[in-house]
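Engineer: Okay, so here is start08.cif, and as you'll see once you scroll down, it has mmCIF, C-alpha atoms.
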data_run
loop_
_atom_site.label_atom_id
_atom_site.label_comp_id
_atom_site.auth_asym_id
_atom_site.auth_seq_id
_atom_site.Cartn_x
_atom_site.Cartn_y
_atom_site.Cartn_z
CA MET A 11 237.39 110.50 114.66
CA LEU A 12 237.23 111.15 110.92
CA CYS A 13 240.42 111.33 108.89
CA ARG A 14 240.63 112.31 105.24
CA GLN A 15 243.59 111.23 103.21
CA SER A 16 244.25 111.85 99.56
CA THR A 17 246.64 109.84 97.45
CA LYS A 18 247.58 112.04 94.47
CA GLN A 19 244.23 113.83 94.06
CA ASN A 20 242.73 117.23 94.76
CA LEU A 21 239.69 116.71 97.02
CA GLU A 22 238.19 119.98 95.86
CA THR A 23 236.79 119.00 92.48
CA PRO A 24 232.98 119.18 92.29
CA THR A 25 232.64 115.53 91.30
CA ILE A 26 234.77 114.25 94.18
CA ARG A 27 232.87 116.44 96.67
CA ALA A 28 229.57 115.09 95.31
CA MET A 29 230.74 111.47 95.56
CA LEU A 30 232.07 111.99 99.09
CA ASN A 31 228.79 113.57 100.19
CA THR A 32 226.61 110.94 98.49
CA TYR A 33 228.42 107.68 99.30
CA HIS A 34 231.16 108.37 101.83
CA ALA A 35 229.61 110.53 104.56
CA SER A 36 229.30 108.47 107.73
CA LYS A 37 228.02 109.30 111.16
CA LEU A 38 230.52 107.97 113.65
CA THR A 39 229.85 107.01 117.24
CA SER A 40 232.35 107.89 119.96
CA ASN A 41 234.00 104.44 119.70
CA GLN A 42 234.45 104.51 115.91
CA CYS A 43 236.82 106.05 113.42
CA GLY A 44 236.73 106.31 109.67
CA SER A 45 238.43 107.79 106.68
CA SER A 46 238.11 108.43 102.95
CA LEU A 47 241.02 107.89 100.61
CA VAL A 48 241.16 109.05 97.01
CA GLN A 49 243.28 107.67 94.16
CA THR A 50 243.49 108.99 90.60
CA ILE A 51 243.98 106.25 88.03
CA ASP A 52 245.09 106.78 84.44
CA ALA A 53 242.98 103.92 83.09
CA PRO A 54 239.41 103.69 81.77
CA LEU A 55 236.71 103.36 84.41
CA PRO A 56 235.32 100.07 82.96
CA LEU A 57 238.75 98.45 83.27
CA VAL A 58 239.22 99.64 86.87
CA TRP A 59 235.67 98.56 87.76
CA SER A 60 236.30 95.09 86.31
CA LEU A 61 238.87 94.48 89.07
CA ILE A 62 236.96 96.17 91.93
CA ARG A 63 233.67 94.36 91.31
CA ARG A 64 235.16 90.85 91.55
CA PHE A 65 234.27 90.09 95.15
CA GLU A 66 235.47 86.51 94.65
CA TYR A 67 238.96 87.65 93.56
CA PRO A 68 240.28 90.51 95.74
CA GLN A 69 243.85 89.32 95.18
CA GLY A 70 243.48 90.70 91.66
CA TYR A 71 244.73 93.99 93.09
CA LYS A 72 244.93 93.72 96.89
CA LEU A 73 248.55 92.99 97.77
CA PHE A 74 247.91 91.56 101.23
CA VAL A 75 245.49 88.85 100.09
CA LYS A 76 247.03 85.39 99.79
CA LYS A 77 243.86 83.44 98.99
CA CYS A 78 240.11 83.95 98.80
CA THR A 79 237.48 81.23 99.22
CA MET A 80 233.79 81.84 98.67
CA LEU A 81 231.82 80.57 101.66
CA ASP A 82 228.38 81.52 100.38
CA GLY A 83 227.05 82.93 97.12
CA ASP A 84 228.52 83.51 93.69
CA GLY A 85 230.06 86.95 94.14
CA GLY A 86 226.78 88.87 94.12
CA VAL A 87 225.21 90.88 96.95
CA GLY A 88 224.97 88.80 100.11
CA SER A 89 227.93 86.60 99.15
CA VAL A 90 230.44 85.79 101.89
CA ARG A 91 234.16 85.22 101.36
CA GLU A 92 237.03 84.10 103.54
CA VAL A 93 240.21 86.02 102.83
CA LYS A 94 243.57 84.68 103.97
CA VAL A 95 246.05 87.50 104.36
CA THR A 96 249.81 87.40 103.83
CA SER A 97 252.08 86.83 106.79
CA GLY A 98 253.40 89.86 108.60
CA LEU A 99 249.99 91.41 109.23
CA PRO A 100 248.28 91.14 112.62
CA ALA A 101 245.68 88.75 111.20
CA GLY A 102 245.42 85.53 109.29
CA VAL A 103 241.80 85.39 108.12
CA SER A 104 239.01 87.85 107.43
CA VAL A 105 235.38 86.88 106.70
CA GLU A 106 233.61 89.46 104.55
CA ARG A 107 230.13 90.00 103.13
CA LEU A 108 229.26 91.89 99.95
CA ASP A 109 226.58 94.43 100.90
CA LYS A 110 226.19 96.41 97.67
CA LEU A 111 227.31 96.04 94.07
CA ASP A 112 225.99 98.67 91.66
CA ASP A 113 227.42 98.23 88.18
CA ASP A 114 225.67 101.37 86.88
CA LYS A 115 226.85 103.79 89.59
CA HIS A 116 230.11 101.89 90.28
CA VAL A 117 229.51 101.44 94.00
CA PHE A 118 230.92 98.46 95.93
CA LYS A 119 230.31 98.00 99.65
CA PHE A 120 231.43 95.21 101.94
CA SER A 121 231.52 94.47 105.68
CA ILE A 122 233.89 92.39 107.73
CA ILE A 123 231.76 89.93 109.70
CA GLY A 124 234.46 87.76 111.28
CA GLY A 125 238.08 86.77 111.42
CA ASP A 126 241.09 86.78 113.71
CA HIS A 127 241.82 90.51 113.64
CA ARG A 128 240.86 93.69 115.46
CA LEU A 129 238.71 95.28 112.72
CA VAL A 130 235.32 95.01 114.41
CA ASN A 131 232.21 96.40 112.70
CA TYR A 132 234.29 97.37 109.68
CA SER A 133 232.35 98.60 106.67
CA SER A 134 233.94 99.84 103.45
CA THR A 135 232.52 101.68 100.44
CA ILE A 136 234.41 102.00 97.16
CA THR A 137 233.16 104.23 94.34
CA LEU A 138 234.58 105.01 90.93
CA HIS A 139 233.87 107.95 88.68
CA GLU A 140 235.39 109.72 85.72
CA GLU A 141 236.68 113.16 86.53
CA GLU A 142 235.80 116.05 84.25
CA GLU A 143 238.36 116.72 81.52
CA LYS A 144 239.29 120.10 83.03
CA TYR A 145 240.35 118.22 86.21
CA GLY A 146 242.35 115.61 84.32
CA GLY A 147 239.67 113.30 82.89
CA LYS A 148 240.96 110.24 84.73
CA THR A 149 239.21 107.56 86.78
CA VAL A 150 238.96 108.44 90.44
CA ALA A 151 238.57 105.74 93.08
CA ILE A 152 237.35 106.69 96.54
CA GLU A 153 237.38 104.20 99.40
CA SER A 154 235.92 105.06 102.76
CA TYR A 155 235.41 103.00 105.86
CA VAL A 156 234.04 103.02 109.37
CA VAL A 157 235.39 100.72 112.08
CA ASP A 158 235.18 100.36 115.84
CA ILE A 159 238.29 101.57 117.67
CA ALA A 160 239.96 98.43 118.98
CA ALA A 161 240.23 97.98 122.74
CA GLY A 162 243.60 99.21 123.94
CA SER A 163 244.11 101.25 120.78
CA SER A 164 243.51 104.88 119.86
CA GLY A 165 241.42 106.21 117.02
CA GLU A 166 244.60 107.54 115.42
CA ASP A 167 246.27 104.11 115.55
CA THR A 168 243.20 102.32 114.18
CA CYS A 169 242.79 104.86 111.36
CA SER A 170 246.50 104.79 110.57
CA PHE A 171 246.50 100.99 110.21
CA ALA A 172 243.40 100.91 107.99
CA ASN A 173 244.57 103.89 105.93
CA THR A 174 247.91 102.21 105.25
CA ILE A 175 246.30 99.01 103.95
CA ILE A 176 243.72 100.88 101.84
CA ALA A 177 246.31 103.28 100.39
CA CYS A 178 248.48 100.31 99.37
CA ASN A 179 245.46 98.62 97.76
CA LEU A 180 244.49 101.75 95.85
CA ARG A 181 248.05 102.33 94.62
CA SER A 182 248.20 98.68 93.54
CA LEU A 183 244.88 99.03 91.70
CA ALA A 184 246.23 102.09 89.86
CA LYS A 185 249.53 100.39 88.99
CA ILE A 186 247.92 97.19 87.72
CA THR A 187 245.24 98.88 85.58
CA GLU A 188 247.66 101.49 84.20
CA GLU A 189 250.06 98.67 83.22
CA MET A 190 247.16 96.82 81.54
CA VAL A 191 246.48 99.95 79.45
CA CYS A 192 250.15 100.26 78.48
CA LYS A 193 250.35 96.61 77.41
CA ALA A 194 247.19 96.97 75.33
CA ASN A 195 248.62 99.96 73.43
#
Now, as a test, write the supplied structure out as structure tokens.
Structural biologist:
Amino acid sequence: MLCRQSTKQNLETPTIRAMLNTYHASKLTSNQCGSSLVQTIDAPLPLVWSLIRRFEYPQGYKLFVKKCTMLDGDGGVGSVREVKVTSGLPAGVSVERLDKLDDDKHVFKFSIIGGDHRLVNYSSTITLHEEEEKYGGKTVAIESYVVDIAAGSSGEDTCSFANTIIACNLRSLAKITEEMVCKAN
């Protein structure tokens, strides 16, 4: 099951289509679901990237992260972190590995490799790009994921849960970086 969800962005711009096809096209098995979410951000790409790329500090923009502890590495590719999530979610801890960090192409990929939750074989890719001026000229963040459908759950339920968390994170990223721009001006 593949869902596409947009948060305040037209998915039909040539740049977004190219990014989706290059970095966010996944082949799903029958027991997996996935989605791509898009967020337009009225802040410079380097500023937005400076928050995304900090594997060791996801709470810089992710609202549901209470604490992050590095278990292995220094925040580069191959690093492993333990994320403690806020109460109220159906999990307490997530163990995650950084799989790709490309500062030139603005690509960030991580996998969940453990924890006390139902997100099994979860892999996420986040990309940033600047949209052409005729489409608004803003930074566009795209986050996609693939995850196994949890036992006793439907693909729709699994996608809905993941989409809700990601959409909140992307809106938070936009709000925080846009406020940083306003304070700097």
Engineer: Leaving out stretch 153-165 of chain A and any residue of its chain fewer than 4 positions from it, which residues lie within 6 Å of it when counting all atoms listed in the file, given as a list of chain:residue names?
Structural biologist: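 So, after excluding close chain neighbours, the residues are A:His34, A:Asn41, A:Gln42, A:Cys43, A:Gly44, A:Ser45, A:Ser46, A:Leu47, A:Arg128, A:Val130, A:Asn131, A:Tyr132, A:Ser133, A:Ser134, A:Thr135, A:Ile136, A:Cys169.
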Engineer: If you measure from atom CA of A:Arg63 to atom CA of A:Ser36, what distance in Å do you get, rounded to one decimal?
Structural biologist: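 Computing it gives 22.1 Å between the two atoms.
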Engineer: Which value, in Å to one decimal, gives the distance between atom CA of A:Gly98 and atom CA of A:Lys185?
Structural biologist: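 Computed distance, atom CA of A:Gly98 to atom CA of A:Lys185, equals 22.6 Å.
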Engineer: Let me make sure I understand: among A:Val117, A:Gly88, A:Ser170, A:Ile175, which one has the smallest atom-to-atom distance to A:Val75 if we use all atoms listed in the file?
Structural biologist: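 Of A:Val117, A:Gly88, A:Ser170, A:Ile175, the one nearest A:Val75, counting all atoms listed in the file, is A:Ile175.
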Engineer: Let me make sure I understand: among A:Tyr33, A:Phe171, A:Phe65, A:Tyr71, which one has the smallest atom-to-atom distance to A:Ser121 if we use only C-alpha atoms?
Structural biologist: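 Using only C-alpha atoms, the shortest distance to A:Ser121 belongs to A:Phe65.
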Engineer: Quick one: of A:Thr25, A:Gln69, A:Thr137, A:Thr174, who's nearest to A:Leu99, counting only C-alpha atoms?
Structural biologist: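 Ranked by minimum distance to A:Leu99, first place goes to A:Thr174.
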Engineer: Hey, which of A:Glu22, A:Asp52, A:Asp114, A:Glu106 ends up closest to A:Thr187? Count all atoms listed in the file.
Structural biologist: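 Between A:Glu22, A:Asp52, A:Asp114, A:Glu106, the residue approaching A:Thr187 most closely is A:Asp52.
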Engineer: Given only C-alpha atoms as the basis, pick out the residue of A:Phe74, A:Gly86, A:Ile152, A:Ile51 nearest to A:Asn31.
Structural biologist: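 Of all the options, A:Ile152 lies closest to A:Asn31.
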Engineer: Which of these residues is nearest to A:Pro54, using only C-alpha atoms: A:Thr23, A:Thr149, A:Ser104, A:Thr32?
Structural biologist: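 The shortest atom-to-atom distance to A:Pro54 comes from A:Thr149.
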Engineer: Determine, counting all atoms listed in the file, every residue of protein, DNA or RNA that lies within 7 Å of (231.4, 96.8, 87.2) in the file coordinates, then give the result as an MDAnalysis selection string.
Structural biologist: chainID A and resid 56 59:60 63 113 116
Engineer: Write the residues of the preceding selection, restricted to C-alpha atoms, as a PDB file, keeping the file's coordinate frame.
Structural biologist:
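Output below, filename again-v3.pdb:
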ATOM      1  CA  PRO A  56     235.320 100.070  82.960  1.00  0.00           C
ATOM      2  CA  TRP A  59     235.670  98.560  87.760  1.00  0.00           C
ATOM      3  CA  SER A  60     236.300  95.090  86.310  1.00  0.00           C
ATOM      4  CA  ARG A  63     233.670  94.360  91.310  1.00  0.00           C
ATOM      5  CA  ASP A 113     227.420  98.230  88.180  1.00  0.00           C
ATOM      6  CA  HIS A 116     230.110 101.890  90.280  1.00  0.00           C
TER       7      HIS A 116
END
Engineer: Need to verify the contact set: A:Asp84, 9 Å, only C-alpha atoms, exclusion of same-chain residues closer than 5 positions in sequence. Can you return it as number ranges by chain?
Structural biologist: A: 65-66, 89-90
Engineer: For a test of reading the model, state the distance in Å between atom CA of A:Leu129 and atom CA of A:Val105, rounded to one decimal.
Structural biologist: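 Calculated distance between atom CA of A:Leu129 and atom CA of A:Val105 is 10.9 Å.
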Engineer: Leaving out A:Leu73 and any residue of its chain fewer than 4 positions from it, which residues lie within 8 Å of it when counting only C-alpha atoms, given as a list of chain:residue names?
Structural biologist: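 The neighbour list is A:Gln69, A:Cys178, A:Asn179, A:Ser182.
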Engineer: Please list as JSON, numbers by chain every residue within 9 Å of A:Ile186, counting all atoms listed in the file and excluding residues in the same chain fewer than 5 positions away.
Structural biologist: {"A": [70, 71, 181, 191]}
